[in-house]
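Engineer: Coordinates in work-v2.tsv, TSV, C-alpha atoms, are listed below.
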```tsv
chain	number	residue	atom	x	y	z
H	1	MET	CA	17.15	17.19	1.14
H	2	SER	CA	18.26	18.32	-2.26
H	3	VAL	CA	17.76	21.96	-3.18
H	4	VAL	CA	16.66	21.18	-6.74
H	5	ILE	CA	13.75	19.05	-5.55
H	6	VAL	CA	12.66	21.78	-3.14
H	7	ILE	CA	12.63	24.33	-5.96
H	8	LEU	CA	10.73	21.98	-8.28
H	9	CYS	CA	8.14	21.25	-5.57
H	10	ALA	CA	7.68	24.97	-4.89
H	11	ILE	CA	7.15	25.78	-8.58
H	12	ALA	CA	4.69	22.88	-8.92
H	13	ALA	CA	2.69	24.10	-5.91
H	14	VAL	CA	2.54	27.65	-7.31
H	15	LEU	CA	1.40	26.29	-10.68
H	16	ALA	CA	-1.36	24.27	-8.95
H	17	VAL	CA	-2.66	27.42	-7.25
H	18	THR	CA	-2.49	29.23	-10.62
H	19	MET	CA	-4.49	26.43	-12.14
H	20	LEU	CA	-7.24	26.82	-9.55
H	21	PHE	CA	-7.58	30.59	-9.87
H	22	ALA	CA	-6.87	31.17	-13.58
H	23	LYS	CA	-9.75	32.64	-15.56
H	24	SER	CA	-9.12	31.11	-18.96
H	25	PRO	CA	-8.91	27.35	-19.52
H	26	ILE	CA	-5.76	27.64	-21.64
H	27	THR	CA	-3.84	29.15	-18.70
H	28	SER	CA	-4.95	26.26	-16.54
H	29	ALA	CA	-3.99	23.74	-19.22
H	30	LEU	CA	-0.51	25.20	-19.54
H	31	SER	CA	-0.14	25.20	-15.74
H	32	LEU	CA	-1.15	21.54	-15.70
H	33	LEU	CA	1.43	20.86	-18.42
H	34	GLY	CA	4.06	22.54	-16.25
H	35	ILE	CA	3.05	20.46	-13.25
H	36	LEU	CA	3.30	17.24	-15.27
H	37	ILE	CA	6.75	18.12	-16.61
H	38	LEU	CA	7.95	19.06	-13.12
H	39	THR	CA	6.60	15.76	-11.80
H	40	ALA	CA	8.57	13.94	-14.49
H	41	ALA	CA	11.66	15.89	-13.44
H	42	ILE	CA	11.13	14.86	-9.81
H	43	TYR	CA	10.76	11.21	-10.87
H	44	GLY	CA	14.03	11.47	-12.78
H	45	LEU	CA	15.82	13.11	-9.88
H	46	ILE	CA	14.90	10.40	-7.39
H	47	GLY	CA	16.05	7.74	-9.86
H	48	GLU	CA	12.79	6.41	-11.34
H	49	HIS	CA	13.75	6.78	-14.98
H	50	MET	CA	11.14	4.51	-16.52
H	51	VAL	CA	8.21	6.30	-14.87
H	52	ALA	CA	9.72	9.69	-15.74
H	53	THR	CA	9.93	8.79	-19.41
H	54	ILE	CA	6.39	7.44	-19.54
H	55	GLN	CA	5.14	10.50	-17.70
H	56	LEU	CA	6.77	12.79	-20.25
H	57	ILE	CA	5.61	10.87	-23.32
H	58	VAL	CA	2.09	9.86	-22.33
H	59	TYR	CA	0.99	12.53	-19.85
H	60	ALA	CA	2.82	15.67	-20.92
H	61	GLY	CA	2.87	14.63	-24.55
H	62	ALA	CA	-0.32	12.86	-25.50
H	63	ILE	CA	-2.93	13.75	-22.90
H	64	MET	CA	-2.10	17.45	-22.73
H	65	VAL	CA	-2.17	17.68	-26.54
H	66	LEU	CA	-5.70	16.26	-26.36
H	67	PHE	CA	-6.71	18.86	-23.77
H	68	ILE	CA	-5.20	21.84	-25.55
H	69	PHE	CA	-6.59	20.61	-28.86
H	70	SER	CA	-10.08	20.43	-27.33
H	71	ILE	CA	-9.78	23.91	-25.87
H	72	MET	CA	-8.74	25.31	-29.24
H	73	LEU	CA	-11.35	23.31	-31.13
H	74	LEU	CA	-14.28	24.32	-28.92
H	75	ASN	CA	-13.00	27.91	-28.72
H	76	LEU	CA	-13.31	28.07	-24.93
H	77	ASN	CA	-12.36	31.57	-23.91
H	78	ASN	CA	-12.58	33.47	-20.67
H	79	ALA	CA	-15.20	32.09	-18.36
H	80	ASN	CA	-17.45	34.96	-17.41
H	81	ASP	CA	-19.99	33.02	-15.41
H	82	ASP	CA	-17.41	30.85	-13.78
H	83	TYR	CA	-17.08	31.32	-10.01
H	84	LYS	CA	-20.75	32.06	-9.45
H	85	ARG	CA	-20.49	30.48	-6.02
H	86	THR	CA	-21.07	32.63	-3.00
H	87	PRO	CA	-17.90	33.69	-1.16
H	88	ALA	CA	-19.00	31.64	1.86
H	89	ILE	CA	-19.09	28.40	-0.13
H	90	PHE	CA	-15.80	29.32	-1.81
H	91	ALA	CA	-14.03	30.01	1.47
H	92	GLY	CA	-15.60	26.94	3.04
H	93	SER	CA	-14.33	24.71	0.26
H	94	ILE	CA	-10.83	26.07	0.55
H	95	VAL	CA	-10.81	25.65	4.34
H	96	MET	CA	-12.09	22.10	3.91
H	97	GLY	CA	-9.37	21.39	1.36
H	98	LEU	CA	-6.68	22.73	3.64
H	99	GLY	CA	-8.12	20.59	6.44
H	100	ILE	CA	-7.83	17.49	4.27
H	101	PHE	CA	-4.27	18.50	3.40
H	102	GLY	CA	-3.54	18.82	7.12
H	103	PHE	CA	-4.86	15.32	7.83
H	104	ILE	CA	-2.81	13.80	4.99
H	105	ALA	CA	0.30	15.70	6.11
H	106	TYR	CA	-0.20	14.39	9.65
H	107	GLY	CA	-0.43	10.82	8.28
H	108	ILE	CA	2.74	11.31	6.24
H	109	LYS	CA	4.52	12.66	9.31
H	110	GLN	CA	3.43	9.61	11.32
H	111	PHE	CA	4.62	7.27	8.55
H	112	TYR	CA	8.07	8.83	8.37
H	113	ALA	CA	8.33	9.17	12.15
H	114	GLN	CA	8.30	5.39	12.64
H	115	ASP	CA	11.23	5.26	10.18
H	116	ALA	CA	13.09	2.18	9.07
H	117	ALA	CA	12.69	0.25	12.33
H	118	GLY	CA	8.96	-0.34	11.97
H	119	ARG	CA	8.98	-0.78	8.20
H	120	THR	CA	9.64	-3.96	6.27
H	121	LEU	CA	11.70	-3.14	3.21
H	122	GLY	CA	11.37	-4.92	-0.10
H	123	PHE	CA	13.99	-6.62	-2.20
H	124	PHE	CA	14.75	-3.77	-4.62
H	125	SER	CA	17.11	-1.54	-2.69
H	126	PRO	CA	19.11	1.01	-4.75
H	127	GLU	CA	22.17	-1.25	-4.67
H	128	VAL	CA	20.21	-4.23	-6.01
H	129	ILE	CA	18.67	-2.09	-8.77
H	130	THR	CA	22.13	-0.85	-9.80
H	131	TYR	CA	23.40	-4.42	-9.78
H	132	LEU	CA	20.50	-5.62	-11.93
H	133	GLY	CA	21.14	-2.98	-14.59
H	134	GLY	CA	19.20	0.13	-13.66
H	135	ASN	CA	15.66	1.17	-12.93
H	136	SER	CA	14.32	0.97	-16.50
H	137	LYS	CA	15.50	-2.60	-16.94
H	138	VAL	CA	14.10	-3.78	-13.60
H	139	VAL	CA	10.68	-2.15	-14.05
H	140	SER	CA	10.36	-3.30	-17.68
H	141	HIS	CA	11.29	-6.82	-16.71
H	142	ALA	CA	8.65	-6.86	-13.99
H	143	LEU	CA	6.12	-5.40	-16.42
H	144	PHE	CA	6.67	-8.10	-19.02
H	145	SER	CA	7.04	-11.09	-16.70
H	146	GLN	CA	5.30	-10.71	-13.35
H	147	PHE	CA	2.56	-8.34	-14.56
H	148	TYR	CA	2.21	-9.75	-18.06
H	149	VAL	CA	-1.53	-10.51	-17.82
H	150	SER	CA	-2.32	-7.07	-16.40
H	151	PHE	CA	-0.36	-5.50	-19.26
H	152	GLU	CA	-2.42	-7.36	-21.86
H	153	VAL	CA	-5.71	-6.54	-20.13
H	154	ILE	CA	-4.78	-2.85	-19.92
H	155	SER	CA	-4.00	-2.78	-23.65
H	156	LEU	CA	-7.45	-4.25	-24.30
H	157	ALA	CA	-8.99	-1.54	-22.10
H	158	LEU	CA	-7.14	1.11	-24.11
H	159	LEU	CA	-8.47	-0.37	-27.36
H	160	VAL	CA	-12.03	-0.27	-26.00
H	161	ALA	CA	-11.52	3.34	-24.94
H	162	ILE	CA	-10.30	4.33	-28.41
H	163	VAL	CA	-13.31	2.73	-30.09
H	164	GLY	CA	-15.64	4.33	-27.54
H	165	ALA	CA	-14.13	7.77	-28.06
H	166	VAL	CA	-14.49	7.50	-31.84
H	167	VAL	CA	-18.11	6.35	-31.53
H	168	LEU	CA	-18.95	9.13	-29.05
H	169	ALA	CA	-17.34	11.97	-30.98
H	170	LYS	CA	-18.55	10.89	-34.41
H	171	ARG	CA	-21.22	13.06	-35.98
H	172	LYS	CA	-24.53	11.25	-35.99
H	173	VAL	CA	-25.65	10.04	-39.42
H	174	ASP	CA	-29.42	9.86	-39.62
N	1	MET	CA	12.41	16.19	6.64
N	2	ASN	CA	13.86	14.29	3.70
N	3	ASN	CA	13.19	14.24	-0.03
N	4	GLU	CA	10.52	11.57	0.08
N	5	MET	CA	8.52	13.35	2.75
N	6	LEU	CA	8.65	16.56	0.71
N	7	ILE	CA	7.41	14.70	-2.35
N	8	GLN	CA	4.58	13.18	-0.31
N	9	LEU	CA	3.59	16.63	0.90
N	10	LEU	CA	3.61	17.92	-2.69
N	11	ALA	CA	1.44	14.98	-3.73
N	12	ALA	CA	-1.06	15.75	-0.95
N	13	PHE	CA	-1.14	19.42	-1.95
N	14	LEU	CA	-1.66	18.63	-5.63
N	15	PHE	CA	-4.44	16.20	-4.72
N	16	VAL	CA	-6.24	18.81	-2.61
N	17	MET	CA	-5.86	21.38	-5.40
N	18	GLY	CA	-7.32	18.94	-7.93
N	19	MET	CA	-10.22	18.28	-5.58
N	20	LEU	CA	-10.88	22.00	-5.19
N	21	ILE	CA	-10.76	22.47	-8.97
N	22	VAL	CA	-13.29	19.67	-9.44
N	23	SER	CA	-15.63	21.09	-6.81
N	24	LEU	CA	-15.29	24.83	-7.48
N	25	ARG	CA	-14.90	25.30	-11.22
N	26	ARG	CA	-17.90	25.11	-13.52
N	27	ASP	CA	-16.14	24.34	-16.77
N	28	THR	CA	-16.34	20.69	-17.76
N	29	ILE	CA	-12.84	20.84	-19.20
N	30	MET	CA	-11.56	22.25	-15.89
N	31	ILE	CA	-13.22	19.35	-14.07
N	32	LEU	CA	-11.43	16.89	-16.36
N	33	MET	CA	-8.13	18.68	-15.75
N	34	GLY	CA	-8.73	18.50	-12.01
N	35	ILE	CA	-9.22	14.75	-12.29
N	36	GLU	CA	-5.95	14.49	-14.20
N	37	LEU	CA	-4.21	16.50	-11.49
N	38	MET	CA	-5.58	14.18	-8.80
N	39	LEU	CA	-4.41	11.09	-10.71
N	40	ASN	CA	-0.99	12.66	-11.13
N	41	ALA	CA	-0.81	13.36	-7.40
N	42	ALA	CA	-1.70	9.75	-6.64
N	43	ASN	CA	1.05	8.62	-9.02
N	44	LEU	CA	3.58	10.86	-7.31
N	45	SER	CA	2.64	9.51	-3.91
N	46	MET	CA	2.80	5.93	-5.12
N	47	VAL	CA	6.25	6.34	-6.68
N	48	ALA	CA	7.60	7.99	-3.53
N	49	PHE	CA	6.21	5.23	-1.27
N	50	SER	CA	7.52	2.54	-3.60
N	51	LYS	CA	10.93	4.20	-3.51
N	52	ALA	CA	10.83	4.49	0.29
N	53	SER	CA	9.94	0.84	0.84
N	54	HIS	CA	12.31	-0.55	-1.83
N	55	MET	CA	9.64	-2.08	-4.03
N	56	ILE	CA	8.85	-1.72	-7.72
N	57	GLU	CA	5.18	-2.75	-7.64
N	58	GLY	CA	4.24	0.89	-7.13
N	59	GLN	CA	5.96	1.96	-10.32
N	60	VAL	CA	4.28	-0.79	-12.35
N	61	GLN	CA	0.99	0.37	-10.88
N	62	VAL	CA	1.79	3.94	-11.95
N	63	PHE	CA	2.23	2.66	-15.50
N	64	PHE	CA	-1.29	1.19	-15.40
N	65	ILE	CA	-2.75	4.35	-13.83
N	66	ILE	CA	-1.27	6.49	-16.62
N	67	THR	CA	-2.83	4.19	-19.21
N	68	ILE	CA	-6.23	4.40	-17.51
N	69	ALA	CA	-5.87	8.20	-17.29
N	70	ALA	CA	-5.23	8.37	-21.03
N	71	ALA	CA	-8.33	6.29	-21.73
N	72	GLU	CA	-10.37	8.38	-19.30
N	73	SER	CA	-9.34	11.68	-20.85
N	74	ALA	CA	-10.06	10.41	-24.37
N	75	ILE	CA	-13.59	9.35	-23.35
N	76	GLY	CA	-14.12	12.50	-21.29
N	77	LEU	CA	-13.08	14.83	-24.08
N	78	SER	CA	-15.31	13.11	-26.60
N	79	ILE	CA	-18.20	13.44	-24.14
N	80	LEU	CA	-17.24	17.12	-23.89
N	81	VAL	CA	-17.40	17.52	-27.68
N	82	ASN	CA	-20.87	15.97	-27.60
N	83	LEU	CA	-21.91	18.29	-24.77
N	84	TYR	CA	-20.76	21.30	-26.76
N	85	ARG	CA	-22.58	20.06	-29.83
N	86	ASN	CA	-25.86	19.55	-27.98
N	87	PHE	CA	-25.95	22.52	-25.60
N	88	GLY	CA	-23.59	25.04	-27.23
N	89	SER	CA	-21.56	25.37	-24.04
N	90	VAL	CA	-19.44	23.19	-21.78
N	91	LYS	CA	-20.55	24.78	-18.52
N	92	THR	CA	-22.03	22.35	-16.04
N	93	GLN	CA	-25.10	24.53	-15.52
N	94	SER	CA	-26.04	24.36	-19.21
N	95	ALA	CA	-26.69	20.61	-19.20
N	96	THR	CA	-29.92	20.54	-17.21
N	97	THR	CA	-32.07	18.16	-19.21
N	98	LEU	CA	-32.41	15.72	-16.33
N	99	LYS	CA	-33.18	18.43	-13.80
N	100	GLY	CA	-36.96	18.34	-14.45
```
Starting from the coordinates I provided, produce the structure as structure tokens.
Structural biologist:
Amino acid sequence: MSVVIVILCAIAAVLAVTMLFAKSPITSALSLLGILILTAAIYGLIGEHMVATIQLIVYAGAIMVLFIFSIMLLNLNNANDDYKRTPAIFAGSIVMGLGIFGFIAYGIKQFYAQDAAGRTLGFFSPEVITYLGGNSKVVSHALFSQFYVSFEVISLALLVAIVGAVVLAKRKVD
Amino acid sequence: MNNEMLIQLLAAFLFVMGMLIVSLRRDTIMILMGIELMLNAANLSMVAFSKASHMIEGQVQVFFIITIAAAESAIGLSILVNLYRNFGSVKTQSATTLKG
């Protein structure tokens, strides 16, 4: 277990808690930006370079710019009437969330307890990926050969989303 | 406890935090950010599982999820701009036209 990954995970968890309890939206947005960058760092550290790059460019770059731009544009400041829930509902939600976390953690523990004996491993072991020219090359090749149709369909979906966003945000002319 | 298990635990924690943000906060922009956090947690889990089982399908799937998340946030933020324009606030309790 590498120390760097432990530190990154700890900072990301603290930032997630900050995001839940912060009063102003801009604090939450910056915490989310930190979480996304730390996630990209974790991807890079475990050797998934392609996903790390896309995470940095698309998530931490484009999407967070959209969020922070919206916060600035709509002038959302401190939320006074946020957290109008009763303390009982608040505590209940947090207990429920921790319960769900416990269940997922138990499932993860079961998955890693069975270890390599019960698992069927795929073709792309680290040695094979190094032999084929690195993670970026392997993933890009799969993206443009095996998943070619999905790639085209997803680009069409993105185009539809852009047109829809422009139509929705446009000032009505009447 | 190895690296991948730690990353899975972080993914579970981030998912739960995103869920709590969606259910507890009353700002629409906070709800959108919670959804982004949940998608990011799912991505993290998928990459770690794909790494653990020596496959690359998970990473290709993460690429598609990021694209869908970008589309979703673009649509969501333009809905938010409309909400602000019509009600003067982005709180969930201000949009009560359908409440009757």
Engineer: Residues of chain N within 8 Å of chain H, counting all atoms listed in the file, what are they? List them as a PyMOL selection string.
Structural biologist: chain N and resi 1-3+5-10+12-14+16-17+19-21+24-27+29-30+33+37+40+44+47+53-56+59-60+62-64+66-68+70-75+77-79+81-82+84
Engineer: If I take CA of Phe15 in chain N and CA of Met38 in chain N, how far is one from the other in Å, to one decimal?
Structural biologist: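 Interatomic distance, CA of Phe15 in chain N to CA of Met38 in chain N: 4.7 Å.
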Engineer: To one decimal place in Å, what is the distance between CA of Ala22 in chain H and CA of Gly18 in chain N?
Structural biologist: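 Straight-line distance from CA of Ala22 in chain H to CA of Gly18 in chain N works out to 13.5 Å.
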Engineer: Quote the spacing between CA of Ser89 in chain N and CA of Val22 in chain N in Å to one decimal place.
Structural biologist: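 These atoms are spaced 17.7 Å apart.
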